file entry36.txt (compact mmCIF, C-alpha atoms and all ligand atoms)
# COMPACT_ATOMS: atom_id res chain seq x y z
CA MET R 38 0.00 0.00 0.00
CA THR R 39 1.43 3.37 -0.97
CA LYS R 40 1.21 6.23 1.50
CA GLN R 41 0.18 9.50 -0.09
CA LYS R 42 2.32 12.07 1.68
CA THR R 43 5.72 12.34 0.03
CA ILE R 44 7.66 12.73 3.28
CA LEU R 45 6.09 9.54 4.68
CA ARG R 46 6.90 7.71 1.44
CA ALA R 47 10.56 8.76 1.62
CA LEU R 48 10.70 7.80 5.31
CA ALA R 49 9.28 4.38 4.41
CA GLY R 50 12.29 3.91 2.10
CA GLU R 51 10.84 4.89 -1.26
CA THR R 52 13.09 6.57 -3.85
CA LEU R 53 11.04 9.42 -5.32
CA PRO R 54 11.69 11.21 -8.63
CA THR R 55 11.69 14.55 -6.77
CA PRO R 56 12.74 14.65 -3.12
CA PRO R 57 10.20 16.18 -0.73
CA ILE R 58 11.45 19.36 0.92
CA TRP R 59 11.16 21.30 4.16
CA MET R 60 13.60 23.52 6.01
CA MET R 61 14.87 23.69 9.60
CA ARG R 62 13.67 26.93 11.26
CA GLN R 63 11.35 27.51 8.30
CA ALA R 64 9.14 29.57 10.64
CA GLY R 65 11.59 32.23 11.73
CA ARG R 66 12.89 35.74 11.76
CA TYR R 67 13.83 35.89 8.04
CA LEU R 68 10.05 36.10 7.37
CA PRO R 69 8.31 39.46 7.94
CA GLU R 70 5.02 37.69 8.77
CA TYR R 71 6.82 35.70 11.53
CA ARG R 72 8.22 38.90 13.04
CA ALA R 73 4.75 40.45 13.02
CA THR R 74 3.14 37.49 14.80
CA ARG R 75 5.97 37.31 17.34
CA ALA R 76 5.43 41.01 18.12
CA GLN R 77 1.72 40.30 18.55
CA ALA R 78 2.52 37.48 21.01
CA GLY R 79 4.90 39.73 23.00
CA ASP R 80 8.05 37.62 22.87
CA PHE R 81 9.42 34.28 21.67
CA LEU R 82 8.36 32.19 24.70
CA LYS R 83 4.85 33.68 24.77
CA LEU R 84 4.61 32.74 21.09
CA CYS R 85 5.64 29.13 21.86
CA TYR R 86 2.95 28.81 24.57
CA ASN R 87 0.13 30.46 22.56
CA PRO R 88 -1.38 27.58 20.53
CA ASP R 89 -3.25 29.80 18.05
CA LEU R 90 -0.24 31.99 17.28
CA ALA R 91 2.26 29.10 17.36
CA ALA R 92 0.05 27.29 14.83
CA GLU R 93 -0.15 30.49 12.77
CA VAL R 94 3.66 30.85 12.47
CA THR R 95 3.98 27.12 11.70
CA LEU R 96 1.55 27.60 8.79
CA GLN R 97 3.18 30.78 7.40
CA PRO R 98 6.02 29.05 5.47
CA ILE R 99 3.54 26.39 4.23
CA ARG R 100 1.32 29.10 2.74
CA ARG R 101 4.22 31.07 1.30
CA TYR R 102 6.24 28.18 -0.17
CA GLY R 103 4.18 24.97 -0.08
CA PHE R 104 6.80 22.94 1.80
CA ASP R 105 6.03 19.20 2.03
CA ALA R 106 6.29 19.25 5.84
CA ALA R 107 5.47 21.63 8.66
CA ILE R 108 7.48 21.46 11.88
CA LEU R 109 5.70 22.26 15.11
CA PHE R 110 6.71 25.72 16.32
CA ALA R 111 8.22 25.31 19.80
CA ASP R 112 11.74 25.01 21.22
CA ILE R 113 13.92 22.24 22.65
CA LEU R 114 14.27 24.26 25.88
CA LEU R 115 10.57 24.06 26.79
CA LEU R 116 11.22 20.58 28.22
CA PRO R 117 13.81 21.80 30.79
CA GLN R 118 11.26 24.46 31.74
CA ALA R 119 8.61 21.77 32.22
CA LEU R 120 11.11 19.95 34.46
CA GLY R 121 11.29 23.06 36.64
CA ALA R 122 14.29 25.00 35.28
CA ASP R 123 13.89 28.76 34.87
CA LEU R 124 14.11 29.80 31.21
CA TRP R 125 14.28 33.19 29.54
CA PHE R 126 15.67 34.60 26.28
CA VAL R 127 18.00 37.59 26.12
CA THR R 128 17.34 39.50 22.89
CA GLY R 129 20.28 39.23 20.51
CA GLU R 130 22.08 36.72 22.75
CA GLY R 131 19.97 33.60 23.16
CA PRO R 132 18.61 31.40 25.93
CA ARG R 133 19.38 31.56 29.65
CA LEU R 134 18.45 28.85 32.20
CA SER R 135 18.96 28.21 35.89
CA THR R 136 21.82 25.68 36.08
CA ILE R 137 21.87 22.04 37.21
CA THR R 138 25.34 21.00 38.40
CA THR R 139 24.81 19.42 41.85
CA PRO R 140 22.93 16.35 43.17
CA ASN R 141 20.58 18.68 45.11
CA GLU R 142 19.72 20.74 42.03
CA LEU R 143 19.06 17.54 40.09
CA ALA R 144 16.86 16.17 42.89
CA ALA R 145 14.84 19.41 42.96
CA LEU R 146 13.70 18.96 39.35
CA LYS R 147 10.24 17.56 38.70
CA GLY R 148 9.62 13.91 37.92
CA VAL R 149 8.67 12.61 34.50
CA ASP R 150 5.01 12.29 35.57
CA ASP R 151 4.75 16.00 36.42
CA ILE R 152 5.68 17.65 33.12
CA GLN R 153 2.53 17.26 31.03
CA GLU R 154 0.42 20.09 32.43
CA HIS R 155 3.14 22.60 31.58
CA LEU R 156 3.42 21.18 28.05
CA ALA R 157 -0.34 21.06 27.36
CA PRO R 158 -0.29 24.20 25.11
CA ILE R 159 2.27 22.49 22.85
CA TYR R 160 -0.05 19.52 22.32
CA GLU R 161 -2.90 21.94 21.62
CA THR R 162 -0.76 23.55 18.88
CA VAL R 163 -0.25 20.07 17.36
CA ARG R 164 -4.02 19.42 17.40
CA ILE R 165 -4.77 22.76 15.70
CA LEU R 166 -2.14 22.07 13.05
CA ARG R 167 -3.56 18.66 12.18
CA GLN R 168 -6.88 20.40 11.49
CA GLU R 169 -5.41 23.29 9.52
CA LEU R 170 -2.63 21.78 7.43
CA PRO R 171 -3.28 20.85 3.79
CA ASP R 172 -3.83 17.10 3.20
CA GLU R 173 -0.45 16.67 1.49
CA THR R 174 1.62 18.31 4.24
CA THR R 175 3.25 16.14 6.91
CA LEU R 176 3.34 17.41 10.50
CA ILE R 177 6.68 16.90 12.28
CA GLY R 178 6.99 17.08 16.07
CA PHE R 179 10.38 17.28 17.79
CA ALA R 180 12.46 17.37 20.94
CA GLY R 181 16.08 18.01 21.77
CA ALA R 182 18.25 14.95 22.33
CA PRO R 183 19.30 14.43 25.99
CA TRP R 184 22.95 15.45 25.50
CA THR R 185 22.08 18.71 23.72
CA VAL R 186 19.36 19.61 26.25
CA ALA R 187 21.75 18.74 29.11
CA THR R 188 24.45 21.08 27.71
CA TYR R 189 22.03 24.01 28.11
CA MET R 190 20.75 22.87 31.52
CA ILE R 191 24.29 22.47 32.90
CA ALA R 192 25.78 25.69 31.45
CA GLY R 193 22.61 27.80 31.75
CA ARG R 194 23.19 29.06 28.20
CA GLY R 195 24.59 28.10 24.82
CA THR R 196 28.35 27.52 24.82
CA PRO R 197 30.80 27.26 21.90
CA ASP R 198 32.39 23.98 23.08
CA GLN R 199 29.86 22.58 25.63
CA GLY R 200 32.69 22.94 28.18
CA PRO R 201 30.55 22.99 31.35
CA ALA R 202 28.76 19.75 30.37
CA HIS R 203 32.07 18.01 29.58
CA ALA R 204 33.44 19.28 32.91
CA LEU R 205 30.47 17.87 34.88
CA MET R 206 30.85 14.54 33.05
CA ARG R 207 34.39 14.33 34.49
CA ALA R 208 33.77 15.89 37.93
CA ASP R 209 30.49 14.17 38.91
CA VAL R 210 29.46 11.50 36.43
CA ALA R 211 26.57 10.33 38.65
CA THR R 212 24.87 13.74 38.54
CA PHE R 213 25.62 14.09 34.81
CA GLU R 214 24.17 10.66 34.01
CA GLY R 215 21.24 11.22 36.36
CA LEU R 216 20.34 14.38 34.46
CA LEU R 217 20.73 12.66 31.09
CA ASN R 218 18.50 9.83 32.28
CA LEU R 219 15.79 12.20 33.51
CA ILE R 220 15.79 14.08 30.19
CA THR R 221 15.68 10.76 28.30
CA LYS R 222 12.62 9.54 30.21
CA ALA R 223 10.89 12.94 29.93
CA THR R 224 11.59 13.11 26.19
CA ILE R 225 9.89 9.74 25.65
CA GLU R 226 6.72 11.10 27.34
CA TYR R 227 6.95 14.45 25.53
CA LEU R 228 7.30 12.94 22.04
CA SER R 229 4.73 10.25 22.76
CA ALA R 230 2.20 12.95 23.73
CA GLN R 231 3.01 14.92 20.56
CA ILE R 232 2.27 11.76 18.52
CA ASP R 233 -0.99 11.21 20.45
CA ALA R 234 -1.97 14.82 19.62
CA GLY R 235 -1.33 14.29 15.89
CA ALA R 236 2.38 14.56 15.03
CA GLU R 237 3.00 12.20 12.08
CA VAL R 238 6.81 12.12 12.35
CA VAL R 239 9.11 13.13 15.19
CA LYS R 240 12.67 14.44 15.03
CA LEU R 241 15.34 14.31 17.70
CA PHE R 242 17.75 17.28 17.53
CA ASP R 243 21.23 16.50 18.87
CA SER R 244 22.79 19.77 17.80
CA TRP R 245 25.96 19.26 19.87
CA ALA R 246 26.51 15.52 19.20
CA GLY R 247 29.71 16.45 17.32
CA SER R 248 31.47 17.42 20.55
CA LEU R 249 31.19 13.83 21.85
CA LYS R 250 33.96 11.48 20.71
CA GLY R 251 34.57 7.73 20.94
CA ASP R 252 32.95 6.04 23.93
CA ALA R 253 31.30 9.27 25.04
CA PHE R 254 29.47 9.45 21.69
CA ASP R 255 28.20 5.89 22.17
CA LYS R 256 27.09 6.47 25.77
CA TYR R 257 25.64 9.97 25.55
CA ALA R 258 24.48 10.44 21.94
CA LEU R 259 23.81 6.98 20.50
CA ALA R 260 22.46 5.13 23.58
CA PRO R 261 19.91 7.81 24.63
CA ALA R 262 18.67 8.06 21.02
CA ARG R 263 18.28 4.26 20.93
CA GLU R 264 16.41 4.26 24.26
CA ILE R 265 14.00 7.00 23.13
CA ILE R 266 13.41 5.45 19.70
CA THR R 267 12.92 1.94 21.13
CA ALA R 268 10.32 3.21 23.63
CA LEU R 269 8.49 5.27 20.98
CA LYS R 270 8.46 2.38 18.49
CA ALA R 271 6.91 0.13 21.17
CA ARG R 272 4.06 2.62 21.69
CA HIS R 273 3.75 4.07 18.17
CA PRO R 274 5.17 1.49 15.74
CA ASP R 275 3.95 3.39 12.66
CA THR R 276 5.44 6.80 13.46
CA PRO R 277 8.73 7.44 11.63
CA ILE R 278 11.59 9.03 13.55
CA ILE R 279 14.35 11.30 12.21
CA ALA R 280 17.59 11.51 14.21
CA PHE R 281 19.93 14.49 13.81
CA PRO R 282 23.32 13.84 15.46
CA ARG R 283 24.72 17.10 14.08
CA GLU R 284 28.41 17.11 13.14
CA ALA R 285 28.72 13.42 13.96
CA GLY R 286 31.08 13.06 10.95
CA ASP R 287 32.00 9.40 10.39
CA ARG R 288 29.71 8.46 13.30
CA TYR R 289 26.77 9.09 10.96
CA VAL R 290 27.71 5.70 9.47
CA GLY R 291 25.46 3.04 11.01
CA PHE R 292 23.67 5.54 13.29
CA ALA R 293 20.20 4.74 11.91
CA LYS R 294 20.69 0.98 12.30
CA ALA R 295 22.16 1.29 15.79
CA THR R 296 19.36 3.53 17.08
CA GLY R 297 16.37 2.31 15.06
CA ALA R 298 15.85 5.72 13.42
CA ASP R 299 14.04 5.72 10.07
CA CYS R 300 16.15 8.59 8.75
CA VAL R 301 19.34 10.40 9.63
CA ALA R 302 19.52 14.16 9.08
CA LEU R 303 22.90 15.32 7.79
CA ASP R 304 24.61 18.62 8.47
CA ASN R 305 26.59 20.25 5.65
CA SER R 306 30.04 19.33 7.01
CA VAL R 307 29.72 15.95 5.28
CA SER R 308 29.68 15.74 1.48
CA ALA R 309 26.52 14.44 -0.16
CA THR R 310 28.47 11.98 -2.33
CA TRP R 311 30.19 10.51 0.75
CA ALA R 312 26.89 10.32 2.64
CA ALA R 313 25.09 8.66 -0.30
CA LYS R 314 27.68 5.86 -0.26
CA ASN R 315 28.08 5.48 3.48
CA VAL R 316 24.83 6.55 5.16
CA GLN R 317 22.02 6.40 2.58
CA VAL R 318 22.83 2.71 1.99
CA ASP R 319 20.94 2.07 5.25
CA GLY R 320 17.84 4.10 4.35
CA CYS R 321 16.41 7.59 4.11
CA VAL R 322 18.66 10.63 4.65
CA GLN R 323 17.73 14.27 5.05
CA GLY R 324 19.83 17.28 4.10
CA ASN R 325 22.15 18.96 3.55
CA LEU R 326 22.51 22.35 1.82
CA ALA R 327 24.58 24.89 3.76
CA SER R 328 22.21 27.51 5.15
CA ARG R 329 24.56 30.32 4.02
CA HIS R 330 23.15 29.83 0.48
CA MET R 331 19.87 31.26 1.80
CA VAL R 332 21.84 34.48 2.41
CA THR R 333 24.09 34.51 -0.65
CA GLY R 334 21.79 32.98 -3.32
CA GLY R 335 22.69 33.09 -7.02
CA GLN R 336 24.12 30.42 -9.30
CA GLU R 337 26.09 28.88 -6.44
CA LEU R 338 22.80 28.11 -4.64
CA VAL R 339 21.37 26.51 -7.78
CA ASP R 340 24.51 24.45 -8.50
CA GLU R 341 24.91 23.23 -4.93
CA THR R 342 21.17 22.36 -4.64
CA ARG R 343 21.35 20.34 -7.89
CA ALA R 344 24.53 18.58 -6.77
CA ILE R 345 22.84 17.43 -3.52
CA VAL R 346 19.67 16.29 -5.30
CA ASP R 347 21.79 14.35 -7.82
CA ALA R 348 24.05 12.79 -5.19
CA PHE R 349 21.06 11.38 -3.28
CA ALA R 350 18.91 10.53 -6.33
CA GLY R 351 19.60 6.78 -6.04
CA GLY R 352 17.81 6.36 -2.70
CA PRO R 353 15.27 7.79 -0.28
CA HIS R 354 15.99 11.48 0.40
CA ILE R 355 14.29 14.46 2.03
CA PHE R 356 15.83 17.75 0.92
CA ASN R 357 16.68 20.18 3.75
CA LEU R 358 19.37 22.56 4.92
CA GLY R 359 22.28 21.28 7.01
CA HIS R 360 21.14 23.46 9.91
CA GLY R 361 18.52 26.14 10.57
CA ILE R 362 17.97 29.08 8.23
CA THR R 363 19.42 32.28 9.70
CA PRO R 364 17.58 35.59 10.30
CA ASP R 365 19.64 37.39 7.60
CA ALA R 366 18.40 35.00 4.85
CA ASP R 367 16.56 36.39 1.82
CA PRO R 368 13.06 34.85 1.42
CA GLU R 369 13.62 34.92 -2.39
CA ASN R 370 16.53 32.50 -2.05
CA VAL R 371 14.25 29.99 -0.31
CA ALA R 372 11.90 30.16 -3.30
CA LEU R 373 14.86 29.63 -5.66
CA MET R 374 16.00 26.56 -3.70
CA ILE R 375 12.52 25.00 -3.82
CA GLU R 376 12.14 25.78 -7.53
CA THR R 377 15.54 24.16 -8.23
CA VAL R 378 14.68 20.99 -6.28
CA ARG R 379 11.27 20.66 -7.94
CA ALA R 380 12.56 21.40 -11.46
CA GLY R 381 14.03 17.87 -11.35
CA GLY R 382 17.13 16.45 -13.01
O1 LIG R 401 12.73 24.22 12.96
C1 LIG R 401 11.74 24.90 13.33
O2 LIG R 401 11.34 25.89 12.71
C2 LIG R 401 10.93 24.46 14.54
C3 LIG R 401 11.06 25.27 15.70
C4 LIG R 401 12.38 25.22 16.43
C5 LIG R 401 12.93 26.34 17.10
N1 LIG R 401 14.02 25.92 17.77
C6 LIG R 401 12.38 27.70 17.10
C7 LIG R 401 13.24 28.82 17.51
C8 LIG R 401 13.23 24.14 16.64
C9 LIG R 401 13.17 22.73 16.09
C10 LIG R 401 14.25 24.60 17.52
C11 LIG R 401 15.30 23.71 18.02
C12 LIG R 401 16.37 24.26 18.85
N2 LIG R 401 16.29 25.27 19.77
C13 LIG R 401 17.66 23.74 18.88
C14 LIG R 401 18.14 22.53 18.11
C15 LIG R 401 18.30 22.80 16.66
C16 LIG R 401 19.41 23.74 16.31
O3 LIG R 401 19.10 24.80 15.75
O4 LIG R 401 20.57 23.39 16.54
C17 LIG R 401 18.39 24.48 19.82
C18 LIG R 401 19.85 24.30 20.16
C19 LIG R 401 17.51 25.44 20.38
C20 LIG R 401 17.79 26.41 21.46
C21 LIG R 401 17.62 27.79 20.99
N3 LIG R 401 16.41 28.36 20.67
C22 LIG R 401 18.63 28.76 20.78
C23 LIG R 401 20.11 28.52 20.99
C24 LIG R 401 17.99 29.92 20.35
C25 LIG R 401 18.61 31.27 20.14
C26 LIG R 401 19.37 31.34 18.88
C27 LIG R 401 18.62 32.18 17.88
O5 LIG R 401 18.47 31.74 16.74
O6 LIG R 401 18.19 33.27 18.27
C28 LIG R 401 16.60 29.63 20.24
C29 LIG R 401 15.55 30.56 19.80
C30 LIG R 401 14.64 30.09 18.70
N4 LIG R 401 14.08 28.87 18.60
C31 LIG R 401 14.16 30.90 17.64
C32 LIG R 401 13.29 30.11 16.90
C33 LIG R 401 12.49 30.51 15.69
C34 LIG R 401 14.49 32.36 17.44
C35 LIG R 401 13.73 33.11 18.49
C36 LIG R 401 13.20 34.45 18.06
O7 LIG R 401 12.19 34.50 17.31
O8 LIG R 401 13.77 35.44 18.51
call {"tool": "encode", "arguments": {"input": "entry36.txt", "output": "structure tokens", "more": "lines below"}}
Ligand code: CP3
result
Amino acid sequence: MTKQKTILRALAGETLPTPPIWMMRQAGRYLPEYRATRAQAGDFLKLCYNPDLAAEVTLQPIRRYGFDAAILFADILLLPQALGADLWFVTGEGPRLSTITTPNELAALKGVDDIQEHLAPIYETVRILRQELPDETTLIGFAGAPWTVATYMIAGRGTPDQGPAHALMRADVATFEGLLNLITKATIEYLSAQIDAGAEVVKLFDSWAGSLKGDAFDKYALAPAREIITALKARHPDTPIIAFPREAGDRYVGFAKATGADCVALDNSVSATWAAKNVQVDGCVQGNLASRHMVTGGQELVDETRAIVDAFAGGPHIFNLGHGITPDADPENVALMIETVRAGG
């Protein structure tokens, strides 16, 4: 039986003549209509917790461009907040959180059973989106992977090298692993509830997986992803899962098989020809145009887009950027990328 939605067909392993396309951070500051709705909400967090407005910004790039998937508008840091961490955003700088670095601070966080009330508005956004989205558009839910979420909870902010999280791993491995375990269990409940509310695919963002090497990668990137995916597959066997161990490099090889993910999302530090040979052999891949092309545009954008489509044409592929689109991107370049992908080879 053939599934209709192109993203679901690619995730089921089908090689399509034209890859379906969506874009990380497709609802974002490069769009004037996003900035207007965010101003109406008051600020970024109020937007995340307002189901009507969060659904509205999720729909904006679908209306403007006709992407094949919509991604729930929310943030990976809402889960730490549900666990009891303080969270706020400093304009122009990024997120700030109360830090977790001691056994007492870890013990003071909420249990897995006490997060759902806080997250209820997110599930309401998912329900609205399933009503409002066009029939052909797939709805993707998401969460941060435990390591990436832990790096923010330990440091209290984004860090260039995830130094505070690596330091806690060495200084107090019990607290570090206790935190990772709590996030893992909470993420299973969070994603499961998104699926119950109507998410058709879920994606696990491990933005800082690349800073884990060797054994640490296996223990803190691969094993938590496998635990989450195994638990979700037991409850929701038909829901495909995309894993994004960003900057994993040669550790992308075999990651889908080892974790049970249906698709691995690739960042643009790996070449598409290498990934076609070494990663796509195991199934669907997503990626991996450098997001700078959304700023610079021109023939280089067209050539690079075609090269990626061609490299992955022999197997299941979902076209995307290698990371989120940036606020300085030109909306016209997004249209040019989509046109190039859909023009075919
Ligand atoms: O992809 C999507 O459009 C879905 C929504 C989404 C957002 N954040 C909205 C957002 C998703 C999937 C995320 C994931 C996320 N959030 C990650 C993992 C993916 C990645 O990009 O590596 C991380 C590390 C975060 C944490 C976070 N949120 C940071 C570090 C920042 C500040 C950086 C910045 O771009 O300003 C955010 C804010 C954020 N999350 C914005 C959006 C649209 C910008 C907020 C604004 O409107 O001012």
call {"tool": "closest_atom_pairs", "arguments": {"input": "entry36.txt", "of": "chain R", "to": "ligand LIG 401 (chain R)", "cutoff": "6 Å", "atoms": "only C-alpha atoms and all ligand atoms", "output": "tab-separated table"}}
result
residue	atom	partner	partner_atom	distance
R:Met61	CA	R:LIG401	O1	4.0
R:Arg62	CA	R:LIG401	O2	2.9
R:Gln63	CA	R:LIG401	O2	4.7
R:Ala64	CA	R:LIG401	O2	4.8
R:Gly65	CA	R:LIG401	C33	4.4
R:Arg66	CA	R:LIG401	O7	5.7
R:Phe81	CA	R:LIG401	O7	5.2
R:Ile108	CA	R:LIG401	C2	5.3
R:Leu109	CA	R:LIG401	C2	5.7
R:Phe110	CA	R:LIG401	C3	4.4
R:Ala111	CA	R:LIG401	C3	5.0
R:Asp112	CA	R:LIG401	N1	4.2
R:Ile113	CA	R:LIG401	N2	4.8
R:Gly131	CA	R:LIG401	C25	4.0
R:Pro132	CA	R:LIG401	C22	5.8
R:Gly195	CA	R:LIG401	C23	5.9
R:Phe242	CA	R:LIG401	C14	5.3
R:Ser244	CA	R:LIG401	O4	4.4
R:Gly361	CA	R:LIG401	O3	5.4
call {"tool": "residues_around", "arguments": {"input": "entry36.txt", "residues": "Cys321 (chain R)", "least_positions_apart": "6", "cutoff": "8 Å", "atoms": "all atoms listed in the file", "output": "number ranges by chain"}}
result
R: 47-50, 299-301, 352-355
call {"tool": "closest_residue", "arguments": {"input": "entry36.txt", "among": "R:Leu205, R:Ala366, R:Ala223, R:Ala119", "to": "Ala268 (chain R)", "atoms": "all atoms listed in the file"}}
result
R:Ala223
call {"tool": "atom_distance", "arguments": {"input": "entry36.txt", "atom1": "CA of Glu376 (chain R)", "atom2": "CA of Ile345 (chain R)"}}
result
14.2 Å
call {"tool": "residues_around", "arguments": {"input": "entry36.txt", "residues": "Gly286 (chain R)", "least_positions_apart": "4", "cutoff": "8 Å", "atoms": "only C-alpha atoms", "output": "count of residues only"}}
result
3
call {"tool": "residues_around", "arguments": {"input": "entry36.txt", "residues": "Ala122 (chain R)", "least_positions_apart": "6", "cutoff": "8 Å", "atoms": "all atoms listed in the file", "output": "number ranges by chain"}}
result
R: 134-136, 146, 190
call {"tool": "closest_residue", "arguments": {"input": "entry36.txt", "among": "R:Val318, R:Leu115, R:Val371, R:Leu217", "to": "Met60 (chain R)", "atoms": "all atoms listed in the file"}}
result
R:Val371
call {"tool": "residues_around", "arguments": {"input": "entry36.txt", "residues": "Ile279 (chain R)", "least_positions_apart": "5", "cutoff": "12 Å", "atoms": "all atoms listed in the file", "output": "ChimeraX atom specification"}}
result
/R:44-45,47-49,177-182,237-243,262-263,265-266,292-293,296-303,320-324,354-355
call {"tool": "atom_distance", "arguments": {"input": "entry36.txt", "atom1": "CA of Tyr67 (chain R)", "atom2": "CA of Asp367 (chain R)"}}
result
6.8 Å
call {"tool": "closest_residue", "arguments": {"input": "entry36.txt", "among": "R:Gly121, R:Pro282, R:Pro140, R:Gly79", "to": "Thr212 (chain R)", "atoms": "all atoms listed in the file"}}
result
R:Pro140
call {"tool": "atom_distance", "arguments": {"input": "entry36.txt", "atom1": "CA of Ile159 (chain R)", "atom2": "CA of Asn87 (chain R)"}}
result
8.3 Å
call {"tool": "closest_residue", "arguments": {"input": "entry36.txt", "among": "R:Ala372, R:Ile362, R:Leu114, R:Ala309", "to": "Val339 (chain R)", "atoms": "all atoms listed in the file"}}
result
R:Ala372
call {"tool": "closest_residue", "arguments": {"input": "entry36.txt", "among": "R:Ile137, R:Ala295, R:Leu68, R:Leu166", "to": "Arg194 (chain R)", "atoms": "all atoms listed in the file"}}
result
R:Ile137
call {"tool": "closest_residue", "arguments": {"input": "entry36.txt", "among": "R:Ala157, R:Val316, R:Ala258, R:Ala230", "to": "Trp245 (chain R)", "atoms": "all atoms listed in the file"}}
result
R:Ala258
call {"tool": "axis_aligned_box", "arguments": {"input": "entry36.txt", "around": "region 85-99 of chain R", "padding_each_side": "6 Å", "output": "lines of an AutoDock Vina configuration file"}}
result
center_x = 1.4
center_y = 29.2
center_z = 14.4
size_x = 21.3
size_y = 17.6
size_z = 32.3
